[in-house]
$ cat upload.txt   # compact mmCIF, C-alpha atoms and all ligand atoms
# COMPACT_ATOMS: atom_id res chain seq x y z
CA MET A 1 -13.29 20.16 11.68
CA THR A 2 -11.52 22.55 9.35
CA GLN A 3 -7.91 23.00 10.30
CA PRO A 4 -6.25 26.22 9.33
CA ARG A 5 -2.87 24.56 8.88
CA PRO A 6 -1.82 21.14 7.64
CA GLU A 7 -0.24 18.83 10.22
CA SER A 8 2.58 17.96 7.85
CA PRO A 9 4.91 20.73 6.67
CA VAL A 10 5.02 18.89 3.32
CA ALA A 11 1.36 19.78 2.69
CA GLY A 12 0.68 23.25 1.30
CA LYS A 13 -2.83 23.59 2.67
CA VAL A 14 -5.90 21.95 4.11
CA PHE A 15 -8.69 21.07 1.69
CA PRO A 16 -11.17 19.42 4.05
CA SER A 17 -13.15 16.27 3.31
CA PRO A 18 -16.17 15.49 5.51
CA ASN A 19 -15.58 11.76 5.07
CA HIS A 20 -14.00 10.54 8.29
CA GLY A 21 -14.81 9.08 11.70
CA GLU A 22 -13.21 8.02 14.94
CA ARG A 23 -10.20 5.72 15.03
CA LYS A 24 -10.92 2.52 16.97
CA ASP A 25 -7.50 1.12 17.87
CA GLY A 26 -5.37 3.99 19.05
CA PRO A 27 -2.84 5.90 16.97
CA PRO A 28 -1.97 5.01 13.36
CA ASP A 29 0.98 2.67 12.78
CA MET A 30 0.69 2.14 9.03
CA ILE A 31 0.81 4.24 5.87
CA ILE A 32 -1.24 3.05 2.88
CA LEU A 33 -0.41 4.38 -0.59
CA HIS A 34 -3.05 4.63 -3.33
CA TYR A 35 -3.44 5.96 -6.83
CA THR A 36 -6.61 7.91 -7.59
CA GLY A 37 -7.36 5.81 -10.69
CA MET A 38 -9.33 8.60 -12.39
CA PRO A 39 -8.48 10.37 -15.67
CA ASP A 40 -9.05 13.82 -14.17
CA THR A 41 -7.09 14.84 -11.07
CA GLY A 42 -9.49 17.65 -10.11
CA GLU A 43 -12.45 15.28 -10.27
CA ALA A 44 -10.58 12.73 -8.16
CA LEU A 45 -9.97 15.36 -5.49
CA GLN A 46 -13.60 16.51 -5.54
CA TRP A 47 -14.79 12.89 -5.21
CA LEU A 48 -12.66 12.38 -2.08
CA CYS A 49 -14.32 15.46 -0.58
CA ASN A 50 -17.88 14.71 -1.68
CA PRO A 51 -20.15 13.56 1.19
CA ILE A 52 -21.97 11.12 -1.09
CA SER A 53 -18.75 9.27 -2.07
CA ASP A 54 -18.01 7.88 1.43
CA VAL A 55 -14.31 7.83 0.53
CA SER A 56 -11.39 10.00 1.56
CA ALA A 57 -7.72 9.97 2.45
CA HIS A 58 -5.56 12.01 4.78
CA TYR A 59 -3.38 13.45 2.01
CA PHE A 60 -3.59 14.06 -1.74
CA VAL A 61 -0.45 14.37 -3.88
CA PHE A 62 -0.70 16.10 -7.29
CA GLU A 63 1.46 15.15 -10.28
CA ASP A 64 3.56 18.30 -9.78
CA GLY A 65 4.28 17.50 -6.14
CA ARG A 66 1.78 19.80 -4.47
CA VAL A 67 0.19 18.18 -1.39
CA LEU A 68 -3.15 18.83 0.30
CA GLN A 69 -4.38 17.54 3.65
CA LEU A 70 -7.98 16.34 3.46
CA VAL A 71 -8.52 14.65 6.84
CA PRO A 72 -6.89 15.26 10.25
CA GLU A 73 -4.37 12.52 11.05
CA ARG A 74 -6.08 11.62 14.33
CA ARG A 75 -9.30 10.87 12.49
CA ARG A 76 -10.13 7.68 10.60
CA ALA A 77 -10.22 8.38 6.85
CA TRP A 78 -12.08 6.03 4.52
CA HIS A 79 -9.54 4.78 1.99
CA ALA A 80 -8.75 1.10 2.52
CA GLY A 81 -12.21 -0.57 2.58
CA VAL A 82 -12.32 -4.30 3.31
CA ALA A 83 -8.67 -5.04 3.99
CA GLY A 84 -6.24 -6.81 6.30
CA TRP A 85 -2.59 -7.04 7.29
CA GLN A 86 -1.05 -9.29 9.93
CA LYS A 87 -3.60 -9.34 12.77
CA ASP A 88 -5.33 -6.12 11.73
CA ARG A 89 -8.63 -6.06 9.88
CA ASP A 90 -9.68 -2.43 10.41
CA ILE A 91 -6.92 -0.94 8.30
CA ASN A 92 -8.55 2.50 8.19
CA SER A 93 -8.30 2.70 11.98
CA ARG A 94 -4.61 1.72 11.87
CA SER A 95 -3.39 3.84 8.99
CA ILE A 96 -2.72 7.17 7.34
CA GLY A 97 -3.95 7.10 3.73
CA ILE A 98 -2.22 8.92 0.88
CA GLU A 99 -3.87 9.33 -2.53
CA ILE A 100 -1.43 9.86 -5.40
CA ALA A 101 -2.92 11.40 -8.54
CA ASN A 102 -2.52 8.90 -11.38
CA PRO A 103 -5.10 7.55 -13.86
CA GLY A 104 -4.15 3.99 -12.92
CA HIS A 105 -4.41 0.74 -14.85
CA ASP A 106 -7.55 1.84 -16.69
CA GLY A 107 -5.69 4.95 -17.84
CA GLY A 108 -2.65 3.03 -19.08
CA LEU A 109 -0.68 3.41 -15.83
CA PRO A 110 1.50 6.39 -16.83
CA PRO A 111 4.74 6.79 -14.88
CA PHE A 112 4.68 8.82 -11.67
CA PRO A 113 6.52 12.13 -12.22
CA GLU A 114 9.68 12.64 -10.20
CA ALA A 115 8.31 15.73 -8.43
CA GLN A 116 5.32 13.69 -7.30
CA ILE A 117 7.47 10.86 -5.95
CA ASP A 118 9.75 13.35 -4.17
CA ALA A 119 6.65 14.74 -2.44
CA VAL A 120 5.43 11.24 -1.49
CA ILE A 121 8.86 10.46 -0.02
CA ALA A 122 8.95 13.70 2.00
CA LEU A 123 5.40 13.17 3.22
CA CYS A 124 5.99 9.53 4.23
CA ARG A 125 9.21 10.49 6.00
CA ASP A 126 7.47 13.20 8.01
CA ILE A 127 4.47 11.02 8.92
CA ALA A 128 6.61 7.97 9.76
CA GLU A 129 8.85 10.04 12.02
CA ARG A 130 6.03 11.75 13.88
CA TRP A 131 4.00 8.55 14.41
CA ARG A 132 7.02 6.18 14.63
CA ILE A 133 5.78 3.98 11.81
CA MET A 134 7.96 0.98 10.93
CA PRO A 135 9.24 0.69 7.32
CA GLU A 136 7.44 -2.63 6.77
CA ARG A 137 4.13 -0.94 7.68
CA ILE A 138 4.32 1.40 4.67
CA LEU A 139 2.28 -0.55 2.12
CA ALA A 140 0.24 -0.52 -1.06
CA HIS A 141 -3.53 -0.61 -1.07
CA SER A 142 -3.08 -3.81 -3.13
CA ASP A 143 -1.04 -5.37 -0.29
CA VAL A 144 -3.88 -5.01 2.22
CA ALA A 145 -6.74 -5.68 -0.25
CA PRO A 146 -5.18 -8.09 -2.78
CA GLY A 147 -8.37 -9.53 -4.21
CA ARG A 148 -9.96 -6.14 -4.87
CA LYS A 149 -7.28 -3.54 -5.51
CA GLN A 150 -4.24 -3.05 -7.74
CA ASP A 151 -3.08 0.39 -6.63
CA PRO A 152 -0.67 2.12 -6.71
CA GLY A 153 0.39 -0.52 -9.25
CA GLU A 154 3.51 -2.19 -10.57
CA ARG A 155 5.03 1.03 -11.92
CA PHE A 156 5.13 2.64 -8.50
CA PRO A 157 8.83 3.11 -7.62
CA TRP A 158 9.08 1.27 -4.30
CA GLN A 159 12.83 0.87 -4.84
CA ALA A 160 13.29 4.66 -5.06
CA LEU A 161 11.31 5.07 -1.83
CA HIS A 162 13.48 2.47 -0.12
CA THR A 163 16.66 4.16 -1.36
CA ALA A 164 15.33 7.34 0.26
CA GLY A 165 14.78 5.46 3.53
CA ILE A 166 11.04 4.81 3.11
CA GLY A 167 9.54 1.32 3.30
CA HIS A 168 10.89 -2.21 3.48
CA TRP A 169 12.29 -3.65 0.25
CA VAL A 170 14.95 -6.05 -1.03
CA SER A 171 16.31 -6.42 -4.57
CA PRO A 172 14.10 -8.92 -6.39
CA GLU A 173 15.68 -12.22 -7.38
CA PRO A 174 16.13 -12.70 -11.14
CA ILE A 175 13.44 -14.66 -12.95
CA ILE A 176 14.77 -18.13 -13.76
CA ASP A 177 13.36 -21.49 -14.80
CA GLY A 178 12.51 -23.89 -12.02
CA ARG A 179 9.75 -25.23 -9.83
CA TYR A 180 6.75 -22.96 -9.56
CA PHE A 181 3.21 -23.10 -8.18
CA VAL A 182 0.04 -22.02 -9.96
CA ARG A 183 -3.66 -21.81 -9.32
CA GLY A 184 -5.27 -25.24 -8.99
CA GLU A 185 -2.45 -26.93 -7.05
CA GLU A 186 -3.03 -28.32 -3.57
CA GLY A 187 -1.07 -29.83 -0.74
CA GLN A 188 1.59 -29.24 1.85
CA PRO A 189 3.91 -27.10 -0.35
CA ILE A 190 1.00 -24.73 -1.03
CA GLU A 191 0.28 -24.57 2.69
CA ALA A 192 3.94 -23.68 3.33
CA LEU A 193 3.82 -21.03 0.63
CA GLN A 194 0.64 -19.50 2.10
CA ALA A 195 2.22 -19.54 5.56
CA MET A 196 5.16 -17.50 4.25
CA PHE A 197 2.89 -14.84 2.75
CA ALA A 198 0.84 -14.73 5.96
CA MET A 199 4.05 -14.44 8.02
CA TYR A 200 4.98 -11.33 6.10
CA GLY A 201 1.48 -9.92 6.64
CA TYR A 202 -0.67 -10.72 3.61
CA PRO A 203 -4.31 -11.50 4.41
CA LEU A 204 -5.03 -15.06 3.26
CA SER A 205 -6.17 -18.35 4.71
CA ILE A 206 -3.67 -21.18 5.03
CA ASP A 207 -5.74 -24.01 3.57
CA GLY A 208 -3.29 -25.72 1.21
CA VAL A 209 -5.34 -24.77 -1.86
CA PHE A 210 -3.86 -22.41 -4.47
CA GLY A 211 -7.13 -20.70 -5.39
CA ALA A 212 -8.17 -17.22 -6.45
CA GLN A 213 -7.21 -15.74 -3.08
CA THR A 214 -3.65 -17.09 -3.13
CA GLU A 215 -3.21 -16.04 -6.75
CA ALA A 216 -4.33 -12.50 -5.87
CA VAL A 217 -1.85 -12.38 -2.97
CA VAL A 218 1.02 -13.57 -5.20
CA ALA A 219 0.13 -10.88 -7.78
CA ALA A 220 -0.10 -8.20 -5.07
CA PHE A 221 3.31 -9.23 -3.76
CA GLN A 222 4.75 -9.02 -7.29
CA ARG A 223 3.27 -5.53 -7.87
CA HIS A 224 5.22 -4.32 -4.86
CA PHE A 225 8.34 -6.48 -4.66
CA ARG A 226 8.94 -8.25 -8.03
CA GLN A 227 7.56 -5.83 -10.58
CA ALA A 228 9.21 -7.35 -13.68
CA ARG A 229 6.42 -9.89 -14.01
CA VAL A 230 3.01 -9.69 -12.34
CA ASP A 231 1.20 -12.92 -13.19
CA GLY A 232 0.12 -14.54 -9.89
CA VAL A 233 2.47 -17.48 -10.49
CA ALA A 234 4.58 -18.35 -7.44
CA ASP A 235 7.87 -18.88 -9.27
CA ALA A 236 11.32 -19.31 -7.72
CA SER A 237 12.13 -15.59 -7.99
CA THR A 238 8.91 -14.63 -6.20
CA ILE A 239 9.39 -17.15 -3.40
CA THR A 240 13.06 -16.33 -2.83
CA THR A 241 12.33 -12.60 -2.84
CA LEU A 242 9.63 -13.17 -0.23
CA ARG A 243 12.03 -15.26 1.88
CA ASN A 244 14.68 -12.54 1.67
CA LEU A 245 12.13 -9.94 2.75
CA ILE A 246 11.06 -11.98 5.77
CA ARG A 247 14.70 -12.54 6.74
CA SER A 248 15.63 -8.88 6.40
CA ARG A 249 12.62 -7.54 8.28
CA PRO A 250 13.60 -5.47 11.29
CA GLY A 251 13.10 -7.74 14.26
CA GLY A 252 14.01 -10.73 12.11
CA PRO A 253 12.08 -13.90 11.27
CA SER A 254 10.14 -15.78 13.90
ZN ZN A 301 -6.67 2.60 -3.20

$ encode --input "upload.txt" --output "structure tokens"
Amino acid sequence: MTQPRPESPVAGKVFPSPNHGERKDGPPDMIILHYTGMPDTGEALQWLCNPISDVSAHYFVFEDGRVLQLVPERRRAWHAGVAGWQKDRDINSRSIGIEIANPGHDGGLPPFPEAQIDAVIALCRDIAERWRIMPERILAHSDVAPGRKQDPGERFPWQALHTAGIGHWVSPEPIIDGRYFVRGEEGQPIEALQAMFAMYGYPLSIDGVFGAQTEAVVAAFQRHFRQARVDGVADASTITTLRNLIRSRPGGPS
């Protein structure tokens, strides 16, 4: 399975991981971004290549911008776990996974160096062009697994990616006082709120109950699209930002 050359010109070399299988639904049409969440970058890389870990990703981006390819793009890497987006539930089969070296929330969530983000942008651009991946299908691990995952976190510069032509994004609405929804509320407005998140793609059931699942989805949305406050409260800024995103999505609202 070792490839002599990386498929992306952005990657310097192949550093093969044995952790992959066959894709089940045809070619990839998503890119999922992760942070490694480990204090030591070398250990994180070794873990993704260790047969006992059962985890991997297609690409690994170091802090200084160097990129390695771990898994061939046509193969199914094991990075997303239990996850969902729109109608898809086997996100590993649908996606290319990129691990970005960063110690994560447990390590104080240090900022991503510019050289690293430049490499992520170049890599996403190359992959998206070759596989014709839509901007709104370039997502965080936390978007597709909101109850379980927080990566790459609320300090990841999605706006900078969007400015460089990568991903779907709108300027977040300012945080203001007004009506908001929190965990514990029930009823038709909660159902409408859940329907909006599901329309954009978030995996949640539309049951009219603002429980743990809805709170996790609101927080995941905020980590990506309204980073100034990540609290799981569906405030006016969060809801309007979501509405603006749905309206501005290529293909438009349905
Ligand atoms: Zn992840």

$ residues_around --input "upload.txt" --residues "stretch 21-35 of chain A" --least-positions-apart "2" --cutoff "6 Å" --atoms "only C-alpha atoms" --output "ChimeraX atom specification"
/A:37,75-76,93-102,133,137-141,151-152

$ closest_residue --input "upload.txt" --among "A:Arg125, A:His105, A:Arg155, A:Arg243" --to "A:Ser171" --atoms "all atoms listed in the file"
A:Arg243

$ closest_residue --input "upload.txt" --among "A:Pro157, A:Gly81, A:Pro111, A:Gly184" --to "ligand ZN 301 (chain A)" --atoms "all atoms listed in the file"
A:Gly81

$ closest_atom_pairs --input "upload.txt" --of "stretch 70-107 of chain A" --to "stretch 4-14 of chain A" --cutoff "10 Å" --atoms "all atoms listed in the file" --output "Markdown table"
| residue | atom | partner | partner_atom | distance |
| --- | --- | --- | --- | --- |
| A:Leu70 | CA | A:Val14 | CA | 6.0 |
| A:Val71 | CA | A:Val14 | CA | 8.2 |
| A:Pro72 | CA | A:Glu7 | CA | 7.5 |
| A:Glu73 | CA | A:Glu7 | CA | 7.6 |

$ closest_residue --input "upload.txt" --among "A:Thr36, A:Gln116, A:Asn244, A:Gln69" --to "ligand ZN 301 (chain A)" --atoms "all atoms listed in the file"
A:Thr36

$ closest_residue --input "upload.txt" --among "A:Met38, A:Ile239, A:Ala115, A:Cys124" --to "A:Gln222" --atoms "only C-alpha atoms"
A:Ile239

$ residues_around --input "upload.txt" --residues "A:Ser237" --least-positions-apart "4" --cutoff "6 Å" --atoms "only C-alpha atoms" --output "list in words"
Glu173, Pro174, Ile175 and Thr241 of chain A

$ atom_distance --input "upload.txt" --atom1 "atom CA of A:Val218" --atom2 "atom CA of A:Ala44"
28.9 Å

$ closest_residue --input "upload.txt" --among "A:Ala160, A:Ile127, A:Val120, A:Val61" --to "A:Thr41" --atoms "all atoms listed in the file"
A:Val61

$ closest_residue --input "upload.txt" --among "A:Lys149, A:Arg66, A:Phe210, A:Gly104" --to "A:Leu123" --atoms "only C-alpha atoms"
A:Arg66

$ atom_distance --input "upload.txt" --atom1 "atom CA of A:Asp177" --atom2 "atom CA of A:Gln227"
17.2 Å

$ residues_near_point --input "upload.txt" --point "(8.2, -9.8, -5.8)" --cutoff "12 Å" --atoms "only C-alpha atoms" --output "number ranges by chain"
A: 143, 154, 158-159, 169-175, 197, 217-245

$ atom_distance --input "upload.txt" --atom1 "atom CA of A:Pro16" --atom2 "atom CA of A:Asp54"
13.7 Å

$ residues_around --input "upload.txt" --residues "A:Gln188" --least-positions-apart "2" --cutoff "12 Å" --atoms "only C-alpha atoms" --output "ChimeraX atom specification"
/A:181,185-186,190-195,206-210

$ write_last_selection --input "upload.txt" --atoms "C-alpha atoms" --output "PDB file, in the frame of the given file"
ATOM      1  CA  PHE A 181       3.210 -23.100  -8.180  1.00  0.00           C
ATOM      2  CA  GLU A 185      -2.450 -26.930  -7.050  1.00  0.00           C
ATOM      3  CA  GLU A 186      -3.030 -28.320  -3.570  1.00  0.00           C
ATOM      4  CA  ILE A 190       1.000 -24.730  -1.030  1.00  0.00           C
ATOM      5  CA  GLU A 191       0.280 -24.570   2.690  1.00  0.00           C
ATOM      6  CA  ALA A 192       3.940 -23.680   3.330  1.00  0.00           C
ATOM      7  CA  LEU A 193       3.820 -21.030   0.630  1.00  0.00           C
ATOM      8  CA  GLN A 194       0.640 -19.500   2.100  1.00  0.00           C
ATOM      9  CA  ALA A 195       2.220 -19.540   5.560  1.00  0.00           C
ATOM     10  CA  ILE A 206      -3.670 -21.180   5.030  1.00  0.00           C
ATOM     11  CA  ASP A 207      -5.740 -24.010   3.570  1.00  0.00           C
ATOM     12  CA  GLY A 208      -3.290 -25.720   1.210  1.00  0.00           C
ATOM     13  CA  VAL A 209      -5.340 -24.770  -1.860  1.00  0.00           C
ATOM     14  CA  PHE A 210      -3.860 -22.410  -4.470  1.00  0.00           C
TER      15      PHE A 210
END
